[in-house]
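One file, run_6.pdb, is given below (PDB, C-alpha atoms, pLDDT in the B column).
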ATOM      1  CA  MET A   1       0.000   0.000   0.000  1.00 55.00           C
ATOM      2  CA  LYS A   2       2.782   2.422   0.920  1.00 57.00           C
ATOM      3  CA  TYR A   3       4.563   1.539  -2.309  1.00 57.00           C
ATOM      4  CA  SER A   4       1.505   2.370  -4.458  1.00 58.00           C
ATOM      5  CA  MET A   5       1.006   5.684  -2.590  1.00 53.00           C
ATOM      6  CA  LEU A   6       4.632   6.573  -3.242  1.00 50.00           C
ATOM      7  CA  ILE A   7       4.272   5.813  -6.946  1.00 58.00           C
ATOM      8  CA  MET A   8       1.064   7.865  -7.176  1.00 54.00           C
ATOM      9  CA  SER A   9       2.752  10.798  -5.454  1.00 55.00           C
ATOM     10  CA  LEU A  10       5.705  10.643  -7.837  1.00 49.00           C
ATOM     11  CA  LEU A  11       3.398  10.544 -10.859  1.00 50.00           C
ATOM     12  CA  MET A  12       1.491  13.562  -9.588  1.00 57.00           C
ATOM     13  CA  LEU A  13       4.725  15.510  -9.072  1.00 54.00           C
ATOM     14  CA  MET A  14       5.921  14.609 -12.559  1.00 56.00           C
ATOM     15  CA  GLY A  15       2.606  15.805 -14.004  1.00 56.00           C
ATOM     16  CA  LEU A  16       2.838  19.125 -12.183  1.00 46.00           C
ATOM     17  CA  SER A  17       6.424  19.554 -13.304  1.00 45.00           C
ATOM     18  CA  SER A  18       5.555  19.047 -16.971  1.00 45.00           C
ATOM     19  CA  MET A  19       2.628  21.473 -16.703  1.00 45.00           C
ATOM     20  CA  THR A  20       4.951  24.136 -15.300  1.00 45.00           C
ATOM     21  CA  ASN A  21       7.394  23.703 -18.193  1.00 49.00           C
ATOM     22  CA  GLN A  22       4.588  24.146 -20.725  1.00 52.00           C
ATOM     23  CA  ASN A  23       3.674  27.531 -19.261  1.00 56.00           C
ATOM     24  CA  THR A  24       6.800  29.239 -20.584  1.00 70.00           C
ATOM     25  CA  LYS A  25       5.868  32.855 -21.206  1.00 95.00           C
ATOM     26  CA  THR A  26       5.632  33.810 -24.857  1.00 96.00           C
ATOM     27  CA  LYS A  27       5.214  37.191 -26.472  1.00 97.00           C
ATOM     28  CA  THR A  28       4.351  38.266 -29.992  1.00 97.00           C
ATOM     29  CA  ILE A  29       5.823  41.382 -31.567  1.00 97.00           C
ATOM     30  CA  THR A  30       5.191  42.963 -34.956  1.00 97.00           C
ATOM     31  CA  PHE A  31       7.470  45.566 -36.488  1.00 97.00           C
ATOM     32  CA  ILE A  32       8.403  47.022 -39.868  1.00 96.00           C
ATOM     33  CA  THR A  33      11.505  45.883 -41.772  1.00 96.00           C
ATOM     34  CA  THR A  34      13.400  46.950 -44.883  1.00 96.00           C
ATOM     35  CA  ALA A  35      12.813  43.566 -46.561  1.00 96.00           C
ATOM     36  CA  ILE A  36      11.508  43.928 -50.117  1.00 94.00           C
ATOM     37  CA  CYS A  37      11.293  40.599 -51.928  1.00 95.00           C
ATOM     38  CA  GLY A  38      10.667  36.880 -51.690  1.00 95.00           C
ATOM     39  CA  GLU A  39      14.354  36.168 -51.145  1.00 96.00           C
ATOM     40  CA  CYS A  40      14.333  38.547 -48.175  1.00 96.00           C
ATOM     41  CA  LYS A  41      11.257  36.812 -46.777  1.00 97.00           C
ATOM     42  CA  GLU A  42      12.831  33.373 -47.118  1.00 97.00           C
ATOM     43  CA  ARG A  43      16.148  34.491 -45.610  1.00 97.00           C
ATOM     44  CA  ILE A  44      14.542  36.182 -42.591  1.00 98.00           C
ATOM     45  CA  GLU A  45      11.968  33.473 -41.867  1.00 98.00           C
ATOM     46  CA  ASP A  46      14.533  30.676 -42.248  1.00 98.00           C
ATOM     47  CA  LYS A  47      16.947  32.338 -39.838  1.00 98.00           C
ATOM     48  CA  LEU A  48      14.392  33.291 -37.202  1.00 98.00           C
ATOM     49  CA  ASN A  49      12.336  30.099 -37.331  1.00 97.00           C
ATOM     50  CA  TYR A  50      15.496  28.113 -36.559  1.00 97.00           C
ATOM     51  CA  THR A  51      16.625  30.446 -33.758  1.00 98.00           C
ATOM     52  CA  LYS A  52      16.401  29.062 -30.236  1.00 97.00           C
ATOM     53  CA  GLY A  53      13.503  30.696 -28.421  1.00 97.00           C
ATOM     54  CA  VAL A  54      11.602  31.745 -31.539  1.00 98.00           C
ATOM     55  CA  VAL A  55       8.307  29.903 -31.856  1.00 97.00           C
ATOM     56  CA  PHE A  56       7.119  31.498 -35.094  1.00 96.00           C
ATOM     57  CA  ALA A  57       8.266  34.182 -37.539  1.00 98.00           C
ATOM     58  CA  GLU A  58       6.436  35.407 -40.629  1.00 98.00           C
ATOM     59  CA  LEU A  59       7.118  38.369 -42.911  1.00 98.00           C
ATOM     60  CA  ASN A  60       4.266  40.065 -44.774  1.00 97.00           C
ATOM     61  CA  LEU A  61       5.868  41.513 -47.904  1.00 95.00           C
ATOM     62  CA  GLU A  62       2.894  43.734 -48.737  1.00 95.00           C
ATOM     63  CA  ASN A  63       3.374  45.915 -45.674  1.00 96.00           C
ATOM     64  CA  LYS A  64       6.929  44.783 -44.744  1.00 96.00           C
ATOM     65  CA  MET A  65       5.732  43.803 -41.262  1.00 97.00           C
ATOM     66  CA  LEU A  66       7.511  40.974 -39.457  1.00 98.00           C
ATOM     67  CA  THR A  67       5.565  39.082 -36.802  1.00 98.00           C
ATOM     68  CA  VAL A  68       7.574  37.024 -34.316  1.00 98.00           C
ATOM     69  CA  LYS A  69       6.300  34.911 -31.443  1.00 98.00           C
ATOM     70  CA  TYR A  70       9.068  34.046 -29.002  1.00 98.00           C
ATOM     71  CA  LYS A  71       9.821  32.687 -25.537  1.00 97.00           C
ATOM     72  CA  THR A  72      10.738  35.613 -23.310  1.00 96.00           C
ATOM     73  CA  GLU A  73      12.856  33.456 -21.002  1.00 96.00           C
ATOM     74  CA  ILE A  74      15.162  32.504 -23.894  1.00 97.00           C
ATOM     75  CA  ILE A  75      15.350  35.505 -26.247  1.00 97.00           C
ATOM     76  CA  THR A  76      14.397  39.191 -26.216  1.00 97.00           C
ATOM     77  CA  ASP A  77      12.839  41.446 -28.810  1.00 96.00           C
ATOM     78  CA  VAL A  78      16.118  43.388 -29.034  1.00 97.00           C
ATOM     79  CA  GLN A  79      18.045  40.165 -29.773  1.00 98.00           C
ATOM     80  CA  ILE A  80      15.536  39.309 -32.513  1.00 98.00           C
ATOM     81  CA  LYS A  81      16.022  42.741 -34.088  1.00 98.00           C
ATOM     82  CA  GLU A  82      19.811  42.367 -33.829  1.00 98.00           C
ATOM     83  CA  ILE A  83      19.594  39.037 -35.697  1.00 98.00           C
ATOM     84  CA  LEU A  84      17.611  40.841 -38.392  1.00 97.00           C
ATOM     85  CA  ALA A  85      20.241  43.629 -38.502  1.00 98.00           C
ATOM     86  CA  ASN A  86      23.018  41.071 -38.865  1.00 98.00           C
ATOM     87  CA  LEU A  87      21.182  39.653 -41.872  1.00 98.00           C
ATOM     88  CA  GLY A  88      21.340  43.120 -43.470  1.00 97.00           C
ATOM     89  CA  TYR A  89      17.864  44.485 -42.666  1.00 97.00           C
ATOM     90  CA  SER A  90      16.787  47.398 -40.493  1.00 96.00           C
ATOM     91  CA  SER A  91      13.832  47.286 -38.130  1.00 95.00           C
ATOM     92  CA  ASP A  92      11.898  50.049 -36.452  1.00 93.00           C
ATOM     93  CA  THR A  93      14.554  50.472 -33.742  1.00 94.00           C
ATOM     94  CA  VAL A  94      17.759  48.714 -34.898  1.00 96.00           C
ATOM     95  CA  VAL A  95      19.796  49.802 -37.934  1.00 97.00           C
ATOM     96  CA  ARG A  96      21.083  47.110 -40.298  1.00 97.00           C
ATOM     97  CA  ASN A  97      24.680  45.930 -40.333  1.00 97.00           C
ATOM     98  CA  HIS A  98      26.118  47.726 -43.376  1.00 97.00           C
ATOM     99  CA  GLU A  99      28.503  44.910 -44.357  1.00 97.00           C
ATOM    100  CA  ALA A 100      25.685  42.346 -44.169  1.00 97.00           C
ATOM    101  CA  TYR A 101      23.528  44.662 -46.269  1.00 96.00           C
ATOM    102  CA  LEU A 102      26.209  44.892 -48.960  1.00 96.00           C
ATOM    103  CA  ALA A 103      26.452  41.080 -48.999  1.00 96.00           C
ATOM    104  CA  LEU A 104      22.752  40.748 -49.857  1.00 96.00           C
ATOM    105  CA  PRO A 105      21.785  40.047 -53.483  1.00 94.00           C
ATOM    106  CA  LYS A 106      21.194  43.219 -55.516  1.00 92.00           C
ATOM    107  CA  CYS A 107      17.453  42.661 -55.652  1.00 90.00           C
ATOM    108  CA  CYS A 108      17.318  42.551 -51.842  1.00 93.00           C
ATOM    109  CA  ARG A 109      19.001  45.964 -51.791  1.00 90.00           C
ATOM    110  CA  GLY A 110      16.530  47.378 -54.328  1.00 83.00           C
ATOM    111  CA  ALA A 111      19.245  47.771 -56.939  1.00 65.00           C
ATOM    112  CA  GLU A 112      17.412  45.646 -59.520  1.00 61.00           C
ATOM    113  CA  SER A 113      14.232  43.695 -59.923  1.00 58.00           C
ATOM    114  CA  CYS A 114      13.984  40.262 -58.366  1.00 61.00           C
ATOM    115  CA  GLU A 115      11.959  39.040 -61.320  1.00 58.00           C
ATOM    116  CA  PRO A 116      13.960  37.533 -64.201  1.00 51.00           C
ATOM    117  CA  GLY A 117      13.875  39.602 -67.385  1.00 46.00           C
ATOM    118  CA  LYS A 118      12.985  42.894 -65.689  1.00 44.00           C
TER     119      LYS A 118
END
Written form, structure tokens:
Amino acid sequence: MKYSMLIMSLLMLMGLSSMTNQNTKTKTITFITTAICGECKERIEDKLNYTKGVVFAELNLENKMLTVKYKTEIITDVQIKEILANLGYSSDTVVRNHEAYLALPKCCRGAESCEPGK
């Protein structure tokens, strides 16, 4: 009887522990970027969606707004914007890294059309 009570107590504690871990605080931010084309979108989303602490990142090219949902205990909004800057893009509060910007394809810098033949 004591053995079964001990096992039940341990199972209850494990359940509470897993529930606590699932309650990690998340936050969603949306801000404007200097991204202009599909290559920019792919580059930004690929980098952010594989960044530890980022749950979700999506760029809307029509309005240049980037939406990022992230775990506040792992990463901050400033760190997210710094990642974006190091890719060569500015945000509403962080200026792009100039060398990273120059390394972007010409169409991502607005120097030429991204569409072939234009």
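Matched in the shown structure by the PyMOL selection byres ((chain A and resi 63-79) around 7): Thr24, Lys25, Thr26, Lys27, Thr28, Ile29, Thr30, Phe31, Ile32, Thr33, Thr34, Ala35, Gly53, Val54, Val55, Phe56, Ala57, Glu58, Leu59, Asn60, Leu61, Glu62, Ile80, Lys81, Glu82 and Ile83 of chain A.
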May I have the selected residues written with C-alpha atoms, as a compact mmCIF listing (two decimals), in the coordinates of the input?
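Saved as result-v2.txt:
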# COMPACT_ATOMS: atom_id res chain seq x y z
CA THR A 24 6.80 29.24 -20.58
CA LYS A 25 5.87 32.85 -21.21
CA THR A 26 5.63 33.81 -24.86
CA LYS A 27 5.21 37.19 -26.47
CA THR A 28 4.35 38.27 -29.99
CA ILE A 29 5.82 41.38 -31.57
CA THR A 30 5.19 42.96 -34.96
CA PHE A 31 7.47 45.57 -36.49
CA ILE A 32 8.40 47.02 -39.87
CA THR A 33 11.50 45.88 -41.77
CA THR A 34 13.40 46.95 -44.88
CA ALA A 35 12.81 43.57 -46.56
CA GLY A 53 13.50 30.70 -28.42
CA VAL A 54 11.60 31.74 -31.54
CA VAL A 55 8.31 29.90 -31.86
CA PHE A 56 7.12 31.50 -35.09
CA ALA A 57 8.27 34.18 -37.54
CA GLU A 58 6.44 35.41 -40.63
CA LEU A 59 7.12 38.37 -42.91
CA ASN A 60 4.27 40.06 -44.77
CA LEU A 61 5.87 41.51 -47.90
CA GLU A 62 2.89 43.73 -48.74
CA ILE A 80 15.54 39.31 -32.51
CA LYS A 81 16.02 42.74 -34.09
CA GLU A 82 19.81 42.37 -33.83
CA ILE A 83 19.59 39.04 -35.70
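Counting from CA of Cys40 in chain A, the distance to CA of Pro105 in chain A is 9.3 Å.
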Size and centre in Å, one decimal, axis-aligned box, all listed range 34-47 of chain A atoms plus 8 Å per side, as AutoDock Vina command-line options:
--center_x 13.8 --center_y 38.8 --center_z -45.9 --size_x 22.3 --size_y 32.3 --size_z 28.1
In Å, with one decimal, what is the gap from CA of Leu84 in chain A to CA of Asn97 in chain A?
-> 8.9 Å
Using all atoms listed in the file, which residues sit within 10 Å of Leu104 in chain A once same-chain residues fewer than 4 positions away are excluded, as a PyMOL selection string?
-> chain A and resi 39-40+87-89+99-100+108-109
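The coordinates place CA of Gly110 in chain A at 26.6 Å from CA of Thr51 in chain A.
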